[in-house]
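Visitor: The structure follows.
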Amino acid sequence: MKKVLAWIVVLGVVLGICSANVRTQAAETQNSSASRFEVPYVSTYYFNPKPTTNDTITIPLYITDYAQSEYMKNDTSVKLDLTYTVDGVSKTIKGVPIGDYTLTLGKLSAGTHVFSVEVCDPRTGLKSHRLFND
């Protein structure tokens, strides 16, 4: 009978430790899953959608981190990586400060061009949605 009681106590201790570990892991998972939704944001301001071949193409953007630090905290020290694609050719500009930003594409040939832009927060590796224009 004493051996059975001893095993029950040991089993209870082991189960208690296991359940504490499960609770800790669940809390860590919950914290990490909450942060994976804290993605940066990018939007375009109005720009001329039909420029001539003589125009230098500039696209005014607003980029920010999830917390909108430049607006809410007056903190412009956050830098994001901006990736843009024109006609399937991607380029990345690292260390773009949050807030208003003008992306200069230069002159493009006549015809229809497909363009996309997204930002990535290098601190978390999370990317914004991708904007498309053509």
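Residues are referred to by chain and number: the chain letter is A, B, ... according to the order shown in the structure tokens, the number counts from 1 in that chain, and ligands are numbered separately from 1 in the order shown.
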Pick out the residues sitting within 10 Å of Ser77 of chain A, and hand them over as an mmCIF file with N, CA and C atoms, in the first residue's frame; count only C-alpha atoms, and ignore anything fewer than 3 positions along from it in its own chain.
Guide:
```cif
data_model
loop_
_atom_site.group_PDB
_atom_site.id
_atom_site.type_symbol
_atom_site.label_atom_id
_atom_site.label_comp_id
_atom_site.auth_asym_id
_atom_site.auth_seq_id
_atom_site.Cartn_x
_atom_site.Cartn_y
_atom_site.Cartn_z
ATOM 1 N N SER A 69 4.869 54.287 -34.859
ATOM 2 C CA SER A 69 5.755 54.980 -33.926
ATOM 3 C C SER A 69 5.987 56.439 -34.273
ATOM 4 N N GLU A 70 6.068 56.757 -35.561
ATOM 5 C CA GLU A 70 6.348 58.156 -35.927
ATOM 6 C C GLU A 70 5.172 59.064 -35.583
ATOM 7 N N ASN A 74 6.143 59.924 -31.798
ATOM 8 C CA ASN A 74 7.073 60.886 -32.395
ATOM 9 C C ASN A 74 8.484 60.285 -32.484
ATOM 10 N N LEU A 80 12.683 50.466 -41.920
ATOM 11 C CA LEU A 80 12.120 49.288 -42.563
ATOM 12 C C LEU A 80 12.813 49.049 -43.900
ATOM 13 N N GLY A 95 16.754 50.107 -44.745
ATOM 14 C CA GLY A 95 16.885 51.226 -43.821
ATOM 15 C C GLY A 95 16.061 52.449 -44.162
ATOM 16 N N VAL A 96 14.880 52.251 -44.723
ATOM 17 C CA VAL A 96 14.005 53.378 -45.061
ATOM 18 C C VAL A 96 13.319 53.853 -43.785
ATOM 19 N N PRO A 97 13.410 55.146 -43.462
ATOM 20 C CA PRO A 97 12.759 55.634 -42.245
ATOM 21 C C PRO A 97 11.239 55.611 -42.383
ATOM 22 N N ILE A 98 10.548 55.361 -41.284
ATOM 23 C CA ILE A 98 9.094 55.328 -41.330
ATOM 24 C C ILE A 98 8.542 56.737 -41.513
#
```
Visitor: If you count only C-alpha atoms, which residues fall within 12 Å of Phe132 of chain A, apart from same-chain ones fewer than 5 positions away, as a PyMOL selection string?
Guide: chain A and resi 42-44+84-88+113-118
Visitor: Can you list, as a VMD selection string, every protein, DNA or RNA residue that comes within 10 Å of Ala67 of chain A when you count only C-alpha atoms, leaving out same-chain residues fewer than 5 positions away?
Guide: chain A and resid 38 to 41 72 to 73
Visitor: Could you pull the residues within 7 Å of Asp121 of chain A, counting only C-alpha atoms, minus those fewer than 3 positions along the same chain, as a PyMOL selection string?
Guide: chain A and resi 40+80-81+124-127
Visitor: Convert the current residue selection to file output with C-alpha atoms, as a PDB file, in the first residue's frame.
Guide:
```pdb
ATOM      1  CA  PRO A  40       4.269  46.932 -40.862  1.00  0.00           C
ATOM      2  CA  LEU A  80      12.120  49.288 -42.563  1.00  0.00           C
ATOM      3  CA  ASP A  81      13.251  47.504 -45.713  1.00  0.00           C
ATOM      4  CA  THR A 124      10.823  40.816 -36.626  1.00  0.00           C
ATOM      5  CA  GLY A 125      11.140  39.655 -40.230  1.00  0.00           C
ATOM      6  CA  LEU A 126       7.428  40.352 -40.746  1.00  0.00           C
ATOM      7  CA  LYS A 127       6.236  41.784 -44.053  1.00  0.00           C
TER       8      LYS A 127
END
```
Visitor: Pick from A:Thr104, A:Thr112, A:Thr83, A:Ser35: nearest to Tyr66 of chain A, with only C-alpha atoms counted?
Guide: A:Ser35
Visitor: Can you pull out the residues contacting Pro49 of chain A? Cut-off 10 Å, using only C-alpha atoms, and skip same-chain residues under 3 positions away; I want them as a list in words.
Guide: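 Contacts, in chain order: Tyr46, Thr52, Ile57, Ile59, Asn133 and Asp134 of chain A.
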Visitor: Of the candidates A:Cys120, A:Arg130, A:Leu108, A:Asp55, which shows the shortest atom-to-atom distance to Thr92 of chain A, using only C-alpha atoms?
Guide: A:Cys120
Visitor: Determine the nearest neighbour of Ile93 of chain A from the options A:Arg36, A:Val119, A:Phe47, A:His129, counting only C-alpha atoms.
Guide: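 Closest to Ile93 of chain A, using only C-alpha atoms: A:Val119.
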Visitor: So the first atom is atom CA of Leu103 of chain A and the second is atom CA of Thr58 of chain A; what is the distance between them in Å, to one decimal place?
Guide: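 Between atom CA of Leu103 of chain A and atom CA of Thr58 of chain A the gap is 5.5 Å.
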Visitor: Can you pull out every residue from segment 95-126 of chain A that DSSP, working from the backbone, puts in strand (DSSP E or B), and format the result as a VMD selection string?
Guide: chain A and resid 95 to 97 99 to 106 115 to 121 126
Visitor: Figure out the distance between atom CA of Thr102 of chain A and atom CA of Pro60 of chain A, please, to one decimal in Å.
Guide: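 Taking atom CA of Pro60 of chain A and atom CA of Thr102 of chain A, their separation equals 4.4 Å.
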Visitor: Which one is closest to Leu131 of chain A: A:Lys94, A:Asn48, A:Tyr62, A:Val78? Count only C-alpha atoms.
Guide: A:Tyr62
Visitor: Rounded to one decimal, what separation in Å do you get between atom CA of Pro122 of chain A and atom CA of Ile63 of chain A?
Guide: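 So the two atoms, atom CA of Pro122 of chain A and atom CA of Ile63 of chain A, lie 13.8 Å apart.
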Visitor: Choose the residue, out of A:Ser90, A:Thr56, A:Gln68, A:Thr76, that has the smallest atom-to-atom separation from Leu105 of chain A; count only C-alpha atoms.
Guide: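 Checking each of A:Ser90, A:Thr56, A:Gln68, A:Thr76 against Leu105 of chain A, counting only C-alpha atoms, the winner is A:Thr56.
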